[in-house]
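Trainee: Sharing structure_38.cif below, mmCIF, C-alpha atoms and all ligand atoms:
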```cif
data_run
loop_
_atom_site.group_PDB
_atom_site.id
_atom_site.type_symbol
_atom_site.label_atom_id
_atom_site.label_comp_id
_atom_site.auth_asym_id
_atom_site.auth_seq_id
_atom_site.Cartn_x
_atom_site.Cartn_y
_atom_site.Cartn_z
ATOM 1 C CA MET C 2 0.000 0.000 0.000
ATOM 2 C CA GLN C 3 1.355 3.407 -0.946
ATOM 3 C CA VAL C 4 0.025 6.902 -0.312
ATOM 4 C CA ALA C 5 1.443 10.035 -1.932
ATOM 5 C CA PRO C 6 1.648 13.527 -0.402
ATOM 6 C CA GLY C 7 -1.563 15.395 -1.203
ATOM 7 C CA GLU C 8 -3.654 12.252 -1.474
ATOM 8 C CA VAL C 9 -6.649 11.041 0.561
ATOM 9 C CA VAL C 10 -7.138 7.282 0.208
ATOM 10 C CA GLY C 11 -9.815 5.063 1.687
ATOM 11 C CA LEU C 12 -9.254 1.724 3.431
ATOM 12 C CA ILE C 13 -12.220 -0.613 3.740
ATOM 13 C CA GLY C 14 -12.784 -4.233 4.765
ATOM 14 C CA PRO C 15 -15.099 -6.353 6.906
ATOM 15 C CA SER C 16 -15.253 -5.889 10.650
ATOM 16 C CA GLY C 17 -12.306 -7.676 12.281
ATOM 17 C CA SER C 18 -10.287 -7.792 9.051
ATOM 18 C CA GLY C 19 -7.454 -5.743 10.548
ATOM 19 C CA LYS C 20 -8.087 -2.164 9.437
ATOM 20 C CA SER C 21 -7.488 -0.608 12.849
ATOM 21 C CA THR C 22 -4.478 -2.870 13.403
ATOM 22 C CA LEU C 23 -2.955 -1.809 10.081
ATOM 23 C CA LEU C 24 -3.548 1.858 10.917
ATOM 24 C CA LYS C 25 -1.845 1.420 14.301
ATOM 25 C CA CYS C 26 1.148 -0.182 12.584
ATOM 26 C CA LEU C 27 1.297 2.666 10.052
ATOM 27 C CA GLY C 28 1.139 5.170 12.911
ATOM 28 C CA ALA C 29 3.924 3.430 14.849
ATOM 29 C CA VAL C 30 1.610 2.675 17.770
ATOM 30 C CA ILE C 31 2.147 -1.086 17.548
ATOM 31 C CA ASP C 32 4.905 -3.059 15.835
ATOM 32 C CA PRO C 33 4.130 -5.166 12.777
ATOM 33 C CA SER C 34 5.383 -8.774 12.911
ATOM 34 C CA ALA C 35 6.634 -8.704 9.320
ATOM 35 C CA GLY C 36 7.037 -6.466 6.299
ATOM 36 C CA ARG C 37 8.581 -3.149 5.462
ATOM 37 C CA MET C 38 7.348 0.354 6.089
ATOM 38 C CA THR C 39 8.860 3.597 4.821
ATOM 39 C CA LEU C 40 8.035 7.264 5.330
ATOM 40 C CA GLY C 41 9.609 9.363 2.593
ATOM 41 C CA ARG C 42 13.070 7.867 2.217
ATOM 42 C CA GLU C 43 13.246 6.644 5.790
ATOM 43 C CA VAL C 44 12.748 3.016 6.689
ATOM 44 C CA ILE C 45 10.553 2.772 9.805
ATOM 45 C CA TYR C 46 10.297 -1.014 10.049
ATOM 46 C CA GLU C 47 12.147 -3.735 8.219
ATOM 47 C CA ASP C 48 11.037 -7.363 8.589
ATOM 48 C CA GLY C 49 9.329 -6.601 11.870
ATOM 49 C CA GLY C 50 12.433 -4.922 13.327
ATOM 50 C CA ARG C 51 12.170 -1.344 14.496
ATOM 51 C CA VAL C 52 14.562 1.066 12.848
ATOM 52 C CA ARG C 53 13.699 4.527 14.146
ATOM 53 C CA ASP C 54 12.802 6.457 17.289
ATOM 54 C CA LEU C 55 9.058 5.962 17.050
ATOM 55 C CA ARG C 56 8.082 8.381 19.796
ATOM 56 C CA ALA C 57 9.475 11.377 17.896
ATOM 57 C CA LEU C 58 7.937 10.051 14.702
ATOM 58 C CA ARG C 59 4.482 9.811 16.291
ATOM 59 C CA ARG C 60 4.701 13.236 17.898
ATOM 60 C CA ASP C 61 6.053 15.186 14.922
ATOM 61 C CA ARG C 62 4.829 13.457 11.820
ATOM 62 C CA ILE C 63 1.637 11.523 12.431
ATOM 63 C CA GLY C 64 -1.817 12.935 13.139
ATOM 64 C CA PHE C 65 -4.331 10.450 14.518
ATOM 65 C CA VAL C 66 -8.085 10.596 14.506
ATOM 66 C CA PHE C 67 -9.174 7.561 16.499
ATOM 67 C CA GLN C 68 -12.478 5.730 16.449
ATOM 68 C CA ALA C 69 -13.258 7.145 19.926
ATOM 69 C CA PRO C 70 -12.564 10.850 20.512
ATOM 70 C CA TYR C 71 -10.388 10.491 23.689
ATOM 71 C CA LEU C 72 -10.667 14.178 24.591
ATOM 72 C CA ILE C 73 -9.012 15.362 27.795
ATOM 73 C CA PRO C 74 -11.967 15.777 30.198
ATOM 74 C CA PHE C 75 -10.564 18.661 32.278
ATOM 75 C CA LEU C 76 -9.623 20.903 29.322
ATOM 76 C CA ASP C 77 -12.175 22.909 27.360
ATOM 77 C CA VAL C 78 -12.665 22.379 23.640
ATOM 78 C CA ILE C 79 -10.261 25.071 22.466
ATOM 79 C CA ASP C 80 -7.428 23.788 24.681
ATOM 80 C CA ASN C 81 -8.047 20.168 23.707
ATOM 81 C CA VAL C 82 -7.411 21.193 20.109
ATOM 82 C CA ALA C 83 -4.581 23.659 20.848
ATOM 83 C CA LEU C 84 -2.661 21.361 23.229
ATOM 84 C CA PRO C 85 -0.720 19.332 20.626
ATOM 85 C CA ALA C 86 0.432 22.592 19.012
ATOM 86 C CA MET C 87 1.484 24.014 22.404
ATOM 87 C CA LEU C 88 3.375 20.787 23.172
ATOM 88 C CA ALA C 89 5.133 21.157 19.836
ATOM 89 C CA GLY C 90 6.365 24.599 20.946
ATOM 90 C CA MET C 91 3.862 26.961 19.317
ATOM 91 C CA PRO C 92 3.029 30.091 21.408
ATOM 92 C CA ASN C 93 -0.316 29.644 23.204
ATOM 93 C CA GLY C 94 -2.054 32.511 21.385
ATOM 94 C CA LYS C 95 -1.078 31.203 17.977
ATOM 95 C CA ALA C 96 -2.023 27.634 18.922
ATOM 96 C CA ARG C 97 -5.472 28.788 20.070
ATOM 97 C CA ALA C 98 -5.921 30.875 16.904
ATOM 98 C CA ARG C 99 -5.192 27.842 14.767
ATOM 99 C CA ALA C 100 -7.530 25.748 16.926
ATOM 100 C CA ARG C 101 -10.326 28.292 16.360
ATOM 101 C CA GLU C 102 -9.772 28.217 12.625
ATOM 102 C CA LEU C 103 -10.123 24.420 12.535
ATOM 103 C CA LEU C 104 -13.115 24.400 14.887
ATOM 104 C CA GLY C 105 -14.783 26.923 12.580
ATOM 105 C CA ALA C 106 -14.116 24.775 9.515
ATOM 106 C CA LEU C 107 -15.626 21.810 11.373
ATOM 107 C CA ASP C 108 -18.690 23.825 12.383
ATOM 108 C CA VAL C 109 -18.121 23.468 16.129
ATOM 109 C CA LEU C 110 -16.522 26.826 17.043
ATOM 110 C CA HIS C 111 -19.623 27.824 19.034
ATOM 111 C CA ARG C 112 -18.632 25.068 21.519
ATOM 112 C CA ALA C 113 -15.057 26.387 21.997
ATOM 113 C CA GLY C 114 -15.539 27.160 25.683
ATOM 114 C CA ALA C 115 -17.432 23.964 26.552
ATOM 115 C CA MET C 116 -16.025 20.939 28.360
ATOM 116 C CA PRO C 117 -15.980 17.634 26.433
ATOM 117 C CA SER C 118 -18.659 16.078 28.679
ATOM 118 C CA GLN C 119 -21.093 18.815 27.590
ATOM 119 C CA LEU C 120 -20.799 17.889 23.894
ATOM 120 C CA SER C 121 -22.781 15.434 21.792
ATOM 121 C CA GLY C 122 -20.934 12.438 20.303
ATOM 122 C CA GLY C 123 -20.762 14.101 16.900
ATOM 123 C CA GLU C 124 -19.399 17.335 18.370
ATOM 124 C CA GLN C 125 -16.747 15.413 20.331
ATOM 125 C CA GLN C 126 -15.681 13.644 17.150
ATOM 126 C CA ARG C 127 -15.356 16.917 15.221
ATOM 127 C CA VAL C 128 -13.231 18.347 18.050
ATOM 128 C CA ALA C 129 -11.039 15.225 17.936
ATOM 129 C CA ILE C 130 -10.628 15.692 14.172
ATOM 130 C CA ALA C 131 -9.531 19.314 14.694
ATOM 131 C CA ARG C 132 -6.992 18.124 17.279
ATOM 132 C CA GLY C 133 -5.584 15.569 14.822
ATOM 133 C CA LEU C 134 -5.038 18.297 12.212
ATOM 134 C CA VAL C 135 -3.711 21.133 14.385
ATOM 135 C CA ASN C 136 -0.001 20.383 13.932
ATOM 136 C CA ARG C 137 -0.390 19.899 10.166
ATOM 137 C CA PRO C 138 1.433 16.583 10.274
ATOM 138 C CA PRO C 139 2.647 15.167 6.944
ATOM 139 C CA VAL C 140 0.642 11.988 7.577
ATOM 140 C CA ILE C 141 -2.906 11.747 8.942
ATOM 141 C CA LEU C 142 -4.458 8.420 9.902
ATOM 142 C CA ALA C 143 -8.184 8.435 10.593
ATOM 143 C CA ASP C 144 -10.079 5.396 11.902
ATOM 144 C CA GLU C 145 -13.782 5.651 10.990
ATOM 145 C CA PRO C 146 -13.777 9.412 11.638
ATOM 146 C CA THR C 147 -17.286 9.985 10.300
ATOM 147 C CA ALA C 148 -19.065 7.090 12.031
ATOM 148 C CA PRO C 149 -21.056 9.245 14.511
ATOM 149 C CA LEU C 150 -21.803 12.047 12.007
ATOM 150 C CA ASP C 151 -24.776 12.711 9.733
ATOM 151 C CA SER C 152 -24.255 12.756 5.926
ATOM 152 C CA GLU C 153 -23.734 16.470 5.583
ATOM 153 C CA ARG C 154 -21.142 16.613 8.362
ATOM 154 C CA ALA C 155 -19.444 13.405 7.221
ATOM 155 C CA LEU C 156 -18.953 14.872 3.747
ATOM 156 C CA ALA C 157 -17.753 18.155 5.295
ATOM 157 C CA VAL C 158 -15.084 16.231 7.242
ATOM 158 C CA ILE C 159 -13.857 14.564 4.062
ATOM 159 C CA GLY C 160 -13.838 17.986 2.358
ATOM 160 C CA ILE C 161 -11.628 19.356 5.148
ATOM 161 C CA LEU C 162 -9.241 16.397 4.829
ATOM 162 C CA GLU C 163 -9.035 16.908 1.060
ATOM 163 C CA THR C 164 -8.278 20.620 1.490
ATOM 164 C CA MET C 165 -5.658 19.769 4.116
ATOM 165 C CA ALA C 166 -4.070 17.224 1.760
ATOM 166 C CA ARG C 167 -4.012 19.651 -1.149
ATOM 167 C CA GLU C 168 -2.799 22.731 0.732
ATOM 168 C CA HIS C 169 -0.204 21.080 2.946
ATOM 169 C CA ALA C 170 0.788 18.040 0.836
ATOM 170 C CA THR C 171 -0.537 15.774 3.573
ATOM 171 C CA ALA C 172 -0.867 12.027 2.965
ATOM 172 C CA ILE C 173 -4.144 10.858 4.472
ATOM 173 C CA ILE C 174 -5.570 7.388 5.056
ATOM 174 C CA VAL C 175 -9.201 7.066 6.121
ATOM 175 C CA VAL C 176 -10.545 3.739 7.394
ATOM 176 C CA THR C 177 -14.276 3.628 6.831
ATOM 177 C CA HIS C 178 -17.318 1.552 6.108
ATOM 178 C CA ASP C 179 -19.405 4.682 5.696
ATOM 179 C CA GLU C 180 -21.238 4.264 2.361
ATOM 180 C CA LYS C 181 -21.779 8.012 2.158
ATOM 181 C CA ILE C 182 -18.100 8.840 1.894
ATOM 182 C CA ILE C 183 -16.626 5.824 0.052
ATOM 183 C CA PRO C 184 -17.394 7.351 -3.398
ATOM 184 C CA THR C 185 -15.375 10.471 -2.532
ATOM 185 C CA PHE C 186 -11.993 8.724 -2.425
ATOM 186 C CA GLY C 187 -9.818 8.918 -5.531
ATOM 187 C CA ARG C 188 -8.217 5.614 -4.548
ATOM 188 C CA LEU C 189 -9.510 2.853 -2.334
ATOM 189 C CA TYR C 190 -7.805 -0.115 -0.693
ATOM 190 C CA GLN C 191 -9.629 -3.139 0.615
ATOM 191 C CA ILE C 192 -8.396 -5.741 3.105
ATOM 192 C CA ARG C 193 -9.479 -9.230 2.066
ATOM 193 C CA ASP C 194 -8.304 -12.334 3.936
ATOM 194 C CA GLY C 195 -5.365 -10.479 5.447
ATOM 195 C CA VAL C 196 -4.138 -8.923 2.186
ATOM 196 C CA THR C 197 -4.547 -5.292 1.116
ATOM 197 C CA HIS C 198 -5.769 -4.867 -2.477
ATOM 198 C CA GLU C 199 -6.198 -1.651 -4.397
ATOM 199 C CA GLN C 200 -9.715 -1.458 -5.826
ATOM 200 C CA ARG C 201 -9.855 -0.260 -9.409
ATOM 201 C CA ARG C 202 -12.715 2.163 -9.737
ATOM 202 C CA GLN C 203 -13.869 5.467 -11.159
ATOM 203 C CA PRO C 204 -13.325 8.508 -8.943
ATOM 204 C CA ALA C 205 -16.533 10.275 -7.882
HETATM 205 N N1 LIG X 1 -3.629 -6.038 20.304
HETATM 206 C C1 LIG X 1 -4.166 -7.123 19.730
HETATM 207 N N2 LIG X 1 -3.650 -8.350 19.961
HETATM 208 C C2 LIG X 1 -4.176 -9.445 19.353
HETATM 209 N N3 LIG X 1 -5.219 -9.405 18.512
HETATM 210 C C3 LIG X 1 -5.766 -8.230 18.238
HETATM 211 C C4 LIG X 1 -5.276 -7.008 18.827
HETATM 212 N N4 LIG X 1 -6.024 -5.973 18.357
HETATM 213 C C5 LIG X 1 -6.933 -6.516 17.517
HETATM 214 N N5 LIG X 1 -6.787 -7.864 17.452
HETATM 215 C C6 LIG X 1 -7.552 -8.769 16.603
HETATM 216 O O1 LIG X 1 -7.140 -8.551 15.274
HETATM 217 C C7 LIG X 1 -8.245 -8.645 14.383
HETATM 218 C C8 LIG X 1 -8.393 -7.372 13.601
HETATM 219 O O2 LIG X 1 -8.877 -6.356 14.469
HETATM 220 P P1 LIG X 1 -9.072 -4.856 13.998
HETATM 221 O O3 LIG X 1 -7.802 -4.366 13.399
HETATM 222 O O4 LIG X 1 -9.596 -4.108 15.160
HETATM 223 O O5 LIG X 1 -10.173 -5.020 12.856
HETATM 224 P P2 LIG X 1 -11.088 -3.927 12.135
HETATM 225 O O6 LIG X 1 -10.603 -2.556 12.533
HETATM 226 O O7 LIG X 1 -10.915 -4.196 10.661
HETATM 227 O O8 LIG X 1 -12.490 -4.174 12.558
HETATM 228 C C9 LIG X 1 -9.463 -8.998 15.232
HETATM 229 O O9 LIG X 1 -9.639 -10.378 15.185
HETATM 230 C C10 LIG X 1 -9.046 -8.503 16.602
HETATM 231 O O10 LIG X 1 -9.718 -9.220 17.604
HETATM 232 MG MG MG X 2 -11.529 -0.949 13.562
#
```
Would you kindly transcribe this structure into structure tokens?

Mentor:
Amino acid sequence: MQVAPGEVVGLIGPSGSGKSTLLKCLGAVIDPSAGRMTLGREVIYEDGGRVRDLRALRRDRIGFVFQAPYLIPFLDVIDNVALPAMLAGMPNGKARARARELLGALDVLHRAGAMPSQLSGGEQQRVAIARGLVNRPPVILADEPTAPLDSERALAVIGILETMAREHATAIIVVTHDEKIIPTFGRLYQIRDGVTHEQRRQPA
């Protein structure tokens, strides 16, 4: 499987086929038992052996949007989104400004001062998406990011990812079984019986 800068690809497959596991391997959260993985010219894994400092890789180069939002319960919405940017060394004011911009694009800026427990599931997920994008990482991995969203908002999320990919040359992989968004991907991979196949199809 290969993803180019500026591209948003879909990854589909039956429940339990290994989509989340593959995404965690790609994001250097868990180690694959075999195979080879590269990021740009760098080899990250080779035959199951770890080659690089994965903590720095995860922090600086990978943006995750998980299946569950995992927001920090004692920080308000704006600081949940701004925190990764602050941790990366961005001044607080600039980090919050960027957080506001993303929250606006995701149609949840009116909840900026709320605590996560006060939000609906869909609002929490949109906040988690903003957090995953705030550092503009070169790679974004999203695991069923639109599952709790209605059609209009699901398509808006994909639109934001496409803009992000185009404007910042981000490589984005979206795991989904959301029928509404599958037609939007230019390329689509499917896991079948433990093997990833590229599906030949017409772009939407
Ligand atoms: N950490 C783990 N250790 C062992 N087996 C796991 C682990 N995580 C997931 N699995 C198993 O691997 C398979 C693929 O799971 P998963 O990647 O979550 O599938 P999907 O996201 O496609 O629904 C399942 O059978 C699951 O039970
Ligand atoms: Mg999964």

Trainee: Name the residues that the PyMOL selection byres (((not hetatm)) within 12 of (chain X and resi 2)) pulls out of this structure, and write them as a VMD selection string.

Mentor: chain C and resid 12 to 25 67 to 69 143 to 146 148 175 to 178 192

Trainee: Under the rule that only C-alpha atoms and all ligand atoms are counted, which of C:Gln200, C:Thr185, C:Gln191, C:Thr147 is the nearest residue to ligand LIG 1 (chain X)?

Mentor: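 Using only C-alpha atoms and all ligand atoms, the shortest distance to ligand LIG 1 (chain X) belongs to C:Gln191.
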
Trainee: How would you write, as a PyMOL selection string, the residues chosen by the PyMOL selection byres (((chain C and resi 106) around 12) and not hetatm) on this structure?

Mentor: chain C and resi 99-105+107-111+127-128+130-131+134+154+157-162+164-165

Trainee: Keeping C-alpha atoms, export the residues of the selection given above as an mmCIF file, in the coordinates of the input.

Mentor:
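Below is the file that was written, result25.cif:
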```cif
data_model
loop_
_atom_site.group_PDB
_atom_site.id
_atom_site.type_symbol
_atom_site.label_atom_id
_atom_site.label_comp_id
_atom_site.auth_asym_id
_atom_site.auth_seq_id
_atom_site.Cartn_x
_atom_site.Cartn_y
_atom_site.Cartn_z
ATOM 1 C CA ARG C 99 -5.192 27.842 14.767
ATOM 2 C CA ALA C 100 -7.530 25.748 16.926
ATOM 3 C CA ARG C 101 -10.326 28.292 16.360
ATOM 4 C CA GLU C 102 -9.772 28.217 12.625
ATOM 5 C CA LEU C 103 -10.123 24.420 12.535
ATOM 6 C CA LEU C 104 -13.115 24.400 14.887
ATOM 7 C CA GLY C 105 -14.783 26.923 12.580
ATOM 8 C CA LEU C 107 -15.626 21.810 11.373
ATOM 9 C CA ASP C 108 -18.690 23.825 12.383
ATOM 10 C CA VAL C 109 -18.121 23.468 16.129
ATOM 11 C CA LEU C 110 -16.522 26.826 17.043
ATOM 12 C CA HIS C 111 -19.623 27.824 19.034
ATOM 13 C CA ARG C 127 -15.356 16.917 15.221
ATOM 14 C CA VAL C 128 -13.231 18.347 18.050
ATOM 15 C CA ILE C 130 -10.628 15.692 14.172
ATOM 16 C CA ALA C 131 -9.531 19.314 14.694
ATOM 17 C CA LEU C 134 -5.038 18.297 12.212
ATOM 18 C CA ARG C 154 -21.142 16.613 8.362
ATOM 19 C CA ALA C 157 -17.753 18.155 5.295
ATOM 20 C CA VAL C 158 -15.084 16.231 7.242
ATOM 21 C CA ILE C 159 -13.857 14.564 4.062
ATOM 22 C CA GLY C 160 -13.838 17.986 2.358
ATOM 23 C CA ILE C 161 -11.628 19.356 5.148
ATOM 24 C CA LEU C 162 -9.241 16.397 4.829
ATOM 25 C CA THR C 164 -8.278 20.620 1.490
ATOM 26 C CA MET C 165 -5.658 19.769 4.116
#
```

Trainee: Once the PyMOL selection byres (((chain C and resi 38) around 10) and not hetatm) is applied to the coordinates I shared, what remains selected? I want it as a PyMOL selection string.

Mentor: chain C and resi 2-3+26-27+29+33+35-37+39-41+43-49+51-52

Trainee: Kindly save the residues from that selection, with C-alpha atoms included, as a short mmCIF file (atom, residue, chain, number, x, y, z; two decimals), in the coordinates of the input.

Mentor:
```cif
data_model
loop_
_atom_site.label_atom_id
_atom_site.label_comp_id
_atom_site.auth_asym_id
_atom_site.auth_seq_id
_atom_site.Cartn_x
_atom_site.Cartn_y
_atom_site.Cartn_z
CA MET C 2 0.00 0.00 0.00
CA GLN C 3 1.36 3.41 -0.95
CA CYS C 26 1.15 -0.18 12.58
CA LEU C 27 1.30 2.67 10.05
CA ALA C 29 3.92 3.43 14.85
CA PRO C 33 4.13 -5.17 12.78
CA ALA C 35 6.63 -8.70 9.32
CA GLY C 36 7.04 -6.47 6.30
CA ARG C 37 8.58 -3.15 5.46
CA THR C 39 8.86 3.60 4.82
CA LEU C 40 8.04 7.26 5.33
CA GLY C 41 9.61 9.36 2.59
CA GLU C 43 13.25 6.64 5.79
CA VAL C 44 12.75 3.02 6.69
CA ILE C 45 10.55 2.77 9.80
CA TYR C 46 10.30 -1.01 10.05
CA GLU C 47 12.15 -3.74 8.22
CA ASP C 48 11.04 -7.36 8.59
CA GLY C 49 9.33 -6.60 11.87
CA ARG C 51 12.17 -1.34 14.50
CA VAL C 52 14.56 1.07 12.85
#
```

Trainee: With 12 Å as the threshold, what does the neighbourhood of (-7.7, 6.2, -8.2) contain in terms of residues, counting only C-alpha atoms? Coordinates are those of the file; answer as a list in words.

Mentor: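 Neighbouring residues, ordered by chain and number, come to Gln3, Val4, Ala5, Glu8, Val9, Val10, Gly11, Pro184, Thr185, Phe186, Gly187, Arg188, Leu189, Tyr190, Glu199, Gln200, Arg201, Arg202, Gln203, Pro204 and Ala205 of chain C.
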
Trainee: CA of Pro6 (chain C) and CA of Ala166 (chain C), how far apart in Å?

Mentor: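 According to the coordinates, CA of Ala166 (chain C) and CA of Pro6 (chain C) are separated by 7.1 Å.
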
Trainee: Which is closest to ligand LIG 1 (chain X) among C:Ile31, C:Leu76, C:Val66, C:Met87, if we use only C-alpha atoms and all ligand atoms?

Mentor: C:Ile31

Trainee: Report, in Å with one decimal, the straight-line distance from CA of Thr197 (chain C) to CA of Leu142 (chain C).

Mentor: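 Here the two named atoms are 16.3 Å from each other.
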
Trainee: Once 5 Å is added on each side, what are the centre and the three edge lengths, in Å to one decimal, of the axis-aligned box enclosing the listed atoms of ligand LIG 1 (chain X)? Present them as lines of an AutoDock Vina configuration file.

Mentor:
```
center_x = -8.1
center_y = -6.5
center_z = 15.5
size_x = 18.9
size_y = 17.8
size_z = 19.6
```

Trainee: Just want the 9 Å neighbourhood of region 95-98 of chain C, counted on all atoms listed in the file, with same-chain residues fewer than 5 positions away dropped. Output as a PyMOL selection string.

Mentor: chain C and resi 79-80+82-87+103+135

Trainee: Can you measure CA of Gly114 (chain C) to CA of Ile63 (chain C) for me? One decimal in Å is fine.

Mentor: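 Result for CA of Gly114 (chain C) versus CA of Ile63 (chain C): 26.7 Å, one decimal.
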
Trainee: Could you tell me which of C:Pro92, C:Ala170, C:Gly64, C:Leu120 comes closest to Ile141 (chain C) if we count all atoms listed in the file?

Mentor: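 Smallest separation from Ile141 (chain C) among the options: C:Gly64.
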
Trainee: Pick out the closest residue to Pro74 (chain C) from this set: C:His169, C:Arg62, C:Arg137, C:Met116. Count only C-alpha atoms.

Mentor: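 Among the listed residues, the smallest separation from Pro74 (chain C) belongs to C:Met116.
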
Trainee: My list of candidates is C:Gly90, C:Gly7, C:Pro70, C:Gly28. Which is closest to Leu58 (chain C) when distances are computed with all atoms listed in the file?

Mentor: C:Gly28
